[in-house]
Amino acid sequence: MITASRFFLWLAILGVSSAMLVAAGFYLHLRPELPAVHQLLDTRLQTPLRIYSSDDKLIAEFGEKRRTPVTIDQIPEKQLQAFLAAEDSRFHEHFGVDFIGLARAVVELASTGQIQSGGSTITMQVARNYFLTRDRTFARKFNEILLSFQIEKELDKRTILELYLNKIYLGNRAYGLAAASQVYYGKPVSELDLAQMAMLAGLPKAPSAYNPLANPERAKVRRDWIIGRMEELGYISGEERDEALARPLTARYNSTHTEVNADYIAEMARAELVARYGDSAYNDGFRVTLTANSADQEAATRALQQGLEAYDRRHGYRGPVGTTNEVPADEATYREILDSYPKVEELYPVIITGVSDEQKQATAWSRHLGEGFIPFETMTWARAYRSANAVGPEPGRVSDVLSVGDVVYVRRQTPGAAAETATNNEANDQGPTLVDSETPVVAPVSMALSQIPDVEGALISLEAKSGAIRALSGGYSFSQTKYNRAIQARRQPGSTFKPFIYLKALDEGMTPATIYNDAPIVQEGSETEPGWRPKNSGGEFNGPTRLREALYRSRNMVSIRLLQDLGVDETMAFLDRLKVPTGDLPRELSLALGSGSLTPMDMARGFAVIANGGYDIEPYLIQTIENSKGEVLYEAAPAILCDSDCDRLRENRPDPMVGFPAVRVAERLVDEQSVYLLHSMLKDVIKRGTGTGARALERNDLAGKTGTTNDQKDAWFSGFNHDIATTTWVGFDQPETLGFREFGSTAALPIWTDYMREALAGAPESEMPRPDDIVQVRIDPRTGERAAPEQDNAIEEIFRSDNAPEERAGNGLSGGEDDANLPRNLF
């Protein structure tokens, strides 16, 4: 008996020794390949790229994984306890491995060939999530155990728990506790109640099986078990347990809550980050702050959308976007029909379910809003579209516009807005009153008939003295098309280009009082070249005209004669000096009328140079880039406007340890006297010329220029004060006429005015300071010469002191060649 006992004892010792030798062998084999634990603290969590406005509002988030790293101190204690109760109740007692749980996993592996329950502690999960694969093999499990011992040896428990809660996957693209809190409950971890904390703690075990969105019943069972377990472990009281168990499920999917409607600039920033950092831009947690202010950006988006909608309404109703004969039907059928019609901005697709001329309304169903009604007052704009130049008669009843089964787009209205809609539309053509998208839906919902505009546009607003982009919108809806017209559309600028020709003339010594003949121009054709007979808008000619008047009245004949005197090649060289792109501009007299192609951004930048007094600036969008640790990787340097000795400023080289320049030197490109004279002339465009619509802003510091191209295919307005330069463009993506009643003043200027009203709200007037050698002289408006003291019709004009007109005889058309007020060529 003693012999048998000794035999089994030695056999046990041999077995243990053999196991230890095998374990030691595995350790010696695997230990060199294990990563160093300190790498955990340097690990970059795959955190998305986030883009913010200059006033720190979220514009966009890019990246496959939603994650917001948090510190352990930011997590409520009960949330930590919920995870411990669910995943590792002995976390504070073990040294990385819970041998009871591990033994259970070994038995499962031996009996089934698979590890069912795992037996993993939180420390082991950290080891696996950060360093190892998820393969269920013995070698991986052994690695996991060894690494867990190392982690526990080198890191404290709270650090381990923080690493765990920032790494775990919790379903619906949510990685880490903070992201999951936002995804499922739309609020930070600190605001969760106990039931919600327990729900999140139940997700690591099986993010799909216990997902409250996909499997609410199973998720509730798991939640309730964790709440009970927390009470068993003494984390909560019985009263807290009962209260939490009584809580209903409140989880719902919350997409990333962006605070600014700025998809076009978000995409510009994303593209620049990818160009700088490659695919790591999506995962390394970059925080990008843009130059755009949220209020200005929202104003730009709103102004452009409303302006395009106003144009669209002026040209009539194009009919339903679809039809169906499945009316009446149940909601499931309606939903299936509408699935192919996306919501576009604040326009909702609906099915017309009833039309009543007696009640003066149509009934409708929306998958977003449910049941609703469309009052006839919101349809009175819907004259039938016939062409860009013609619409049908005003509708007299609902059935003139809508039929049962029509699929149309509507806006949601505030309660009581329908009665005011017709009056408001007639007064300002801005459409029905809008509501916040978060306003609760109460059926039936009041709706207003609308339609998605076919026309497109762009708006760019720049800080004139730095080039910082204050706001930018590249089209009606980024969800419809990613094509950014602000920077990609190359269009003819039309008369908006004329100020650059006039600036060249002023730079050459001409004055606002210089006389040019507004008379017909005829260039005969040949067998190979067609003739050219340009004309003014309206077709009339005014004869001898001062440059000031020719500019604010946008006289084409004067611009052509002016360019001929200046010389096309010399003018192109001047444009190169101004850094206006000339690659797509014609080297012929049609340049004076804005032929060729420029982007809206090109025009905005050119007008910013004029606005700031003649200094070279480059538009930029990104103000700072920070890494996940909050370290500044890039910061846009401030611009310094430089008149002379600019090379000295450039000697302030970038610090190689910082990687970005301390300053950006903006050299003077054209003398300030010429620019000041042009400012004065462009102010008259608003005071008495084609831009009088901007007088609604009741400011004296505004200047600008309208532009309309041949056949009204493009409409422009570029305007500024000394601080802000803004350009708006309206047209079709495939150029076609906007209609013979549409001009820069009707299609583009209202958008500019609506934006600038908000961008300049509360800002003092800002005008370019008057240079010392500018003088004011009374002149004869017919001749541009100095007026006689007793002349009644004299007007005030400004000049450089060295070329102000002298008193002289004559009518202004018979002076000598040295007369500063006469051009070299009158044709």
# chains A, B, ... in the order shown; residues from 1 in each chain; ligands from 1

call {"tool": "residues_around", "arguments": {"residues": "region 740-752 of chain A", "least_positions_apart": "2", "cutoff": "7 Å", "atoms": "only C-alpha atoms", "output": "list in words"}}
result
Ala303, Leu304, Gly307, Tyr311, Asn389, Thr690, Gly691, Thr706, Gly707, Thr708, Gln712, Ala715, Trp716, Phe717, Thr728, Trp729, Val730, Leu738, Asp754, Tyr755 and Met756 of chain A

call {"tool": "select_by_dssp", "arguments": {"residues": "region 203-341 of chain A", "states": "strand (DSSP E)", "output": "list of chain:residue names"}}
result
A:Arg287, A:Val288, A:Thr289, A:Leu290, A:Gly322, A:Thr323

call {"tool": "select_by_dssp", "arguments": {"residues": "region 128-232 of chain A", "states": "alpha helix (DSSP H)", "output": "ChimeraX atom specification"}}
result
/A:128-131,138-154,157-167,177-185,194-201,216-232

call {"tool": "atom_distance", "arguments": {"atom1": "CA of Gln523 (chain A)", "atom2": "CA of Arg587 (chain A)"}}
result
16.0 Å

call {"tool": "residues_around", "arguments": {"residues": "region 390-406 of chain A", "least_positions_apart": "4", "cutoff": "9 Å", "atoms": "only C-alpha atoms", "output": "ChimeraX atom specification"}}
result
/A:314-317,319-328,350-358,360-363,375-376,379-386,739

call {"tool": "residues_around", "arguments": {"residues": "Glu331 (chain A)", "least_positions_apart": "6", "cutoff": "9 Å", "atoms": "only C-alpha atoms", "output": "ChimeraX atom specification"}}
result
/A:365,367,370

call {"tool": "write_last_selection", "arguments": {"atoms": "all heavy atoms", "output": "short mmCIF file (atom, residue, chain, number, x, y, z; two decimals), in the first residue's frame"}}
result
data_model
loop_
_atom_site.label_atom_id
_atom_site.label_comp_id
_atom_site.auth_asym_id
_atom_site.auth_seq_id
_atom_site.Cartn_x
_atom_site.Cartn_y
_atom_site.Cartn_z
N TRP A 365 -47.83 61.35 -47.19
CA TRP A 365 -47.16 60.47 -46.23
C TRP A 365 -45.67 60.50 -46.50
O TRP A 365 -45.21 60.42 -47.64
CB TRP A 365 -47.67 59.04 -46.33
CG TRP A 365 -47.19 58.18 -45.19
CD1 TRP A 365 -47.80 58.00 -43.98
CD2 TRP A 365 -45.98 57.42 -45.15
NE1 TRP A 365 -47.04 57.17 -43.18
CE2 TRP A 365 -45.91 56.80 -43.88
CE3 TRP A 365 -44.94 57.21 -46.04
CZ2 TRP A 365 -44.86 55.97 -43.49
CZ3 TRP A 365 -43.87 56.39 -45.67
CH2 TRP A 365 -43.84 55.78 -44.40
N ARG A 367 -41.80 58.94 -45.03
CA ARG A 367 -41.17 57.95 -44.16
C ARG A 367 -40.42 58.63 -43.02
O ARG A 367 -40.09 57.98 -42.02
CB ARG A 367 -40.23 57.05 -44.96
CG ARG A 367 -38.96 57.69 -45.46
CD ARG A 367 -38.08 56.63 -46.15
NE ARG A 367 -36.80 57.17 -46.57
CZ ARG A 367 -36.58 57.77 -47.73
NH1 ARG A 367 -37.59 57.92 -48.59
NH2 ARG A 367 -35.39 58.22 -48.04
N GLY A 370 -44.10 60.91 -41.32
CA GLY A 370 -45.40 60.29 -41.16
C GLY A 370 -46.46 61.02 -41.97
O GLY A 370 -46.20 61.54 -43.06
#

call {"tool": "residues_around", "arguments": {"residues": "Gly457 (chain A)", "least_positions_apart": "5", "cutoff": "7 Å", "atoms": "only C-alpha atoms", "output": "ChimeraX atom specification"}}
result
/A:474-476,485,729-731

call {"tool": "write_last_selection", "arguments": {"atoms": "N, CA and C atoms", "output": "PDB file, in the first residue's frame"}}
result
ATOM      1  N   GLY A 474     -19.935  74.735 -51.826  1.00  0.00           N
ATOM      2  CA  GLY A 474     -19.661  74.388 -53.213  1.00  0.00           C
ATOM      3  C   GLY A 474     -20.846  73.884 -53.989  1.00  0.00           C
ATOM      4  N   GLY A 475     -22.061  74.048 -53.450  1.00  0.00           N
ATOM      5  CA  GLY A 475     -23.240  73.596 -54.177  1.00  0.00           C
ATOM      6  C   GLY A 475     -24.446  73.505 -53.267  1.00  0.00           C
ATOM      7  N   TYR A 476     -25.577  73.125 -53.850  1.00  0.00           N
ATOM      8  CA  TYR A 476     -26.807  73.062 -53.067  1.00  0.00           C
ATOM      9  C   TYR A 476     -26.737  71.988 -52.000  1.00  0.00           C
ATOM     10  N   ARG A 485     -18.022  73.125 -56.567  1.00  0.00           N
ATOM     11  CA  ARG A 485     -17.962  74.170 -57.590  1.00  0.00           C
ATOM     12  C   ARG A 485     -17.130  75.365 -57.168  1.00  0.00           C
ATOM     13  N   TRP A 729     -21.452  82.619 -57.261  1.00  0.00           N
ATOM     14  CA  TRP A 729     -21.680  82.228 -58.654  1.00  0.00           C
ATOM     15  C   TRP A 729     -22.902  81.339 -58.729  1.00  0.00           C
ATOM     16  N   VAL A 730     -23.695  81.513 -59.790  1.00  0.00           N
ATOM     17  CA  VAL A 730     -24.876  80.684 -60.035  1.00  0.00           C
ATOM     18  C   VAL A 730     -24.859  80.251 -61.498  1.00  0.00           C
ATOM     19  N   GLY A 731     -25.143  78.983 -61.749  1.00  0.00           N
ATOM     20  CA  GLY A 731     -25.207  78.462 -63.109  1.00  0.00           C
ATOM     21  C   GLY A 731     -25.540  76.988 -63.091  1.00  0.00           C
TER      22      GLY A 731
END

call {"tool": "residues_around", "arguments": {"residues": "region 762-778 of chain A", "least_positions_apart": "6", "cutoff": "9 Å", "atoms": "only C-alpha atoms", "output": "PyMOL selection string"}}
result
chain A and resi 611-613+672-673+676-677+679+699-702+721-723+785-789+794-802+804-805

call {"tool": "write_last_selection", "arguments": {"atoms": "C-alpha atoms", "output": "PDB file, in the first residue's frame"}}
result
ATOM      1  CA  ALA A 611     -10.074  94.476 -50.889  1.00  0.00           C
ATOM      2  CA  ASN A 612      -6.932  94.418 -48.742  1.00  0.00           C
ATOM      3  CA  GLY A 613      -5.275  97.249 -50.640  1.00  0.00           C
ATOM      4  CA  GLU A 672      -2.194 101.620 -53.051  1.00  0.00           C
ATOM      5  CA  GLN A 673      -3.287 104.732 -54.963  1.00  0.00           C
ATOM      6  CA  TYR A 676      -7.920 103.111 -53.586  1.00  0.00           C
ATOM      7  CA  LEU A 677      -9.261 104.670 -56.791  1.00  0.00           C
ATOM      8  CA  HIS A 679     -12.366 100.903 -54.387  1.00  0.00           C
ATOM      9  CA  ARG A 699     -23.526 100.183 -45.184  1.00  0.00           C
ATOM     10  CA  ASN A 700     -21.156 102.659 -46.808  1.00  0.00           C
ATOM     11  CA  ASP A 701     -18.083 100.421 -46.877  1.00  0.00           C
ATOM     12  CA  LEU A 702     -19.232  97.947 -49.541  1.00  0.00           C
ATOM     13  CA  ASN A 721     -15.238  95.761 -47.610  1.00  0.00           C
ATOM     14  CA  HIS A 722     -11.687  96.214 -46.319  1.00  0.00           C
ATOM     15  CA  ASP A 723     -11.947  93.065 -44.172  1.00  0.00           C
ATOM     16  CA  GLU A 785     -11.842 118.083 -66.970  1.00  0.00           C
ATOM     17  CA  ARG A 786     -11.617 120.416 -63.998  1.00  0.00           C
ATOM     18  CA  ALA A 787     -14.856 122.349 -63.655  1.00  0.00           C
ATOM     19  CA  ALA A 788     -15.049 126.087 -63.764  1.00  0.00           C
ATOM     20  CA  PRO A 789     -15.719 127.658 -60.357  1.00  0.00           C
ATOM     21  CA  ALA A 794     -19.842 119.886 -61.457  1.00  0.00           C
ATOM     22  CA  ILE A 795     -19.191 116.701 -59.512  1.00  0.00           C
ATOM     23  CA  GLU A 796     -16.451 115.622 -57.115  1.00  0.00           C
ATOM     24  CA  GLU A 797     -13.818 113.139 -58.304  1.00  0.00           C
ATOM     25  CA  ILE A 798     -10.619 111.779 -56.774  1.00  0.00           C
ATOM     26  CA  PHE A 799      -7.202 111.626 -58.436  1.00  0.00           C
ATOM     27  CA  ARG A 800      -3.584 111.071 -57.739  1.00  0.00           C
ATOM     28  CA  SER A 801      -2.127 114.449 -56.958  1.00  0.00           C
ATOM     29  CA  ASP A 802       0.334 114.161 -59.844  1.00  0.00           C
ATOM     30  CA  ALA A 804      -5.301 115.670 -61.328  1.00  0.00           C
ATOM     31  CA  PRO A 805      -6.836 117.635 -64.242  1.00  0.00           C
TER      32      PRO A 805
END

call {"tool": "closest_residue", "arguments": {"among": "A:Val274, A:Val221, A:Ala295, A:Ala696", "to": "Gly202 (chain A)", "atoms": "only C-alpha atoms"}}
result
A:Val221

call {"tool": "residues_around", "arguments": {"residues": "Gly186 (chain A)", "least_positions_apart": "2", "cutoff": "9 Å", "atoms": "only C-alpha atoms", "output": "VMD selection string"}}
result
chain A and resid 180 to 184 188 251 to 257

call {"tool": "decode", "arguments": {"residues": "region 623-636 of chain A", "atoms": "all heavy atoms", "output": "short mmCIF file (atom, residue, chain, number, x, y, z; two decimals), in the first residue's frame"}}
result
data_model
loop_
_atom_site.label_atom_id
_atom_site.label_comp_id
_atom_site.auth_asym_id
_atom_site.auth_seq_id
_atom_site.Cartn_x
_atom_site.Cartn_y
_atom_site.Cartn_z
N GLN A 623 -6.29 75.85 -39.92
CA GLN A 623 -5.60 76.71 -38.96
C GLN A 623 -4.61 75.92 -38.14
O GLN A 623 -3.46 76.30 -38.00
CB GLN A 623 -6.61 77.40 -38.04
CG GLN A 623 -6.00 78.42 -37.09
CD GLN A 623 -5.34 79.57 -37.82
OE1 GLN A 623 -5.90 80.09 -38.78
NE2 GLN A 623 -4.16 79.97 -37.39
N THR A 624 -5.04 74.77 -37.59
CA THR A 624 -4.13 73.93 -36.80
C THR A 624 -4.43 72.46 -37.04
O THR A 624 -5.56 72.08 -37.36
CB THR A 624 -4.25 74.20 -35.28
OG1 THR A 624 -5.59 73.90 -34.85
CG2 THR A 624 -3.90 75.64 -34.94
N ILE A 625 -3.40 71.65 -36.88
CA ILE A 625 -3.53 70.18 -36.85
C ILE A 625 -2.88 69.70 -35.56
O ILE A 625 -1.71 70.01 -35.31
CB ILE A 625 -2.85 69.52 -38.06
CG1 ILE A 625 -3.44 70.03 -39.37
CG2 ILE A 625 -2.99 68.00 -37.97
CD1 ILE A 625 -2.69 69.54 -40.60
N GLU A 626 -3.62 68.96 -34.76
CA GLU A 626 -3.10 68.40 -33.52
C GLU A 626 -3.15 66.88 -33.60
O GLU A 626 -4.03 66.31 -34.24
CB GLU A 626 -3.90 68.88 -32.32
CG GLU A 626 -3.90 70.39 -32.13
CD GLU A 626 -4.83 70.81 -31.00
OE1 GLU A 626 -4.99 70.02 -30.04
OE2 GLU A 626 -5.41 71.90 -31.09
N ASN A 627 -2.19 66.23 -32.93
CA ASN A 627 -2.25 64.77 -32.86
C ASN A 627 -3.14 64.35 -31.69
O ASN A 627 -3.73 65.19 -30.99
CB ASN A 627 -0.84 64.17 -32.76
CG ASN A 627 -0.11 64.60 -31.49
OD1 ASN A 627 -0.71 65.08 -30.52
ND2 ASN A 627 1.20 64.42 -31.49
N SER A 628 -3.21 63.06 -31.45
CA SER A 628 -4.12 62.54 -30.43
C SER A 628 -3.73 62.96 -29.02
O SER A 628 -4.54 62.89 -28.10
CB SER A 628 -4.19 61.02 -30.52
OG SER A 628 -2.90 60.46 -30.34
N LYS A 629 -2.48 63.40 -28.86
CA LYS A 629 -2.02 63.86 -27.55
C LYS A 629 -2.20 65.36 -27.36
O LYS A 629 -1.81 65.92 -26.33
CB LYS A 629 -0.54 63.50 -27.37
CG LYS A 629 -0.26 62.00 -27.40
CD LYS A 629 1.23 61.71 -27.26
CE LYS A 629 1.50 60.22 -27.33
NZ LYS A 629 2.97 59.92 -27.23
N GLY A 630 -2.78 66.03 -28.36
CA GLY A 630 -2.97 67.47 -28.26
C GLY A 630 -1.76 68.28 -28.66
O GLY A 630 -1.75 69.50 -28.48
N GLU A 631 -0.75 67.63 -29.22
CA GLU A 631 0.45 68.35 -29.66
C GLU A 631 0.20 68.96 -31.04
O GLU A 631 -0.36 68.31 -31.93
CB GLU A 631 1.64 67.40 -29.73
CG GLU A 631 1.99 66.77 -28.39
CD GLU A 631 2.94 65.59 -28.52
OE1 GLU A 631 3.01 65.00 -29.62
OE2 GLU A 631 3.59 65.25 -27.51
N VAL A 632 0.59 70.22 -31.20
CA VAL A 632 0.36 70.93 -32.45
C VAL A 632 1.39 70.47 -33.49
O VAL A 632 2.59 70.69 -33.32
CB VAL A 632 0.43 72.45 -32.26
CG1 VAL A 632 0.24 73.17 -33.60
CG2 VAL A 632 -0.64 72.91 -31.26
N LEU A 633 0.89 69.85 -34.56
CA LEU A 633 1.76 69.41 -35.64
C LEU A 633 1.91 70.48 -36.72
O LEU A 633 2.91 70.51 -37.43
CB LEU A 633 1.20 68.14 -36.28
CG LEU A 633 0.95 66.96 -35.35
CD1 LEU A 633 0.37 65.79 -36.13
CD2 LEU A 633 2.22 66.55 -34.62
N TYR A 634 0.89 71.31 -36.84
CA TYR A 634 0.92 72.37 -37.85
C TYR A 634 0.04 73.52 -37.37
O TYR A 634 -1.01 73.30 -36.76
CB TYR A 634 0.39 71.86 -39.19
CG TYR A 634 0.10 72.98 -40.18
CD1 TYR A 634 1.11 73.54 -40.95
CD2 TYR A 634 -1.20 73.48 -40.32
CE1 TYR A 634 0.84 74.57 -41.83
CE2 TYR A 634 -1.47 74.52 -41.20
CZ TYR A 634 -0.45 75.05 -41.96
OH TYR A 634 -0.71 76.09 -42.82
N GLU A 635 0.49 74.72 -37.63
CA GLU A 635 -0.32 75.91 -37.36
C GLU A 635 -0.09 76.92 -38.47
O GLU A 635 1.06 77.22 -38.82
CB GLU A 635 0.03 76.52 -36.01
CG GLU A 635 -0.84 77.72 -35.67
CD GLU A 635 -0.65 78.21 -34.25
OE1 GLU A 635 0.29 77.71 -33.59
OE2 GLU A 635 -1.41 79.08 -33.80
N ALA A 636 -1.17 77.42 -39.06
CA ALA A 636 -1.04 78.41 -40.12
C ALA A 636 -0.41 79.68 -39.56
O ALA A 636 -0.81 80.17 -38.50
CB ALA A 636 -2.41 78.73 -40.70
#
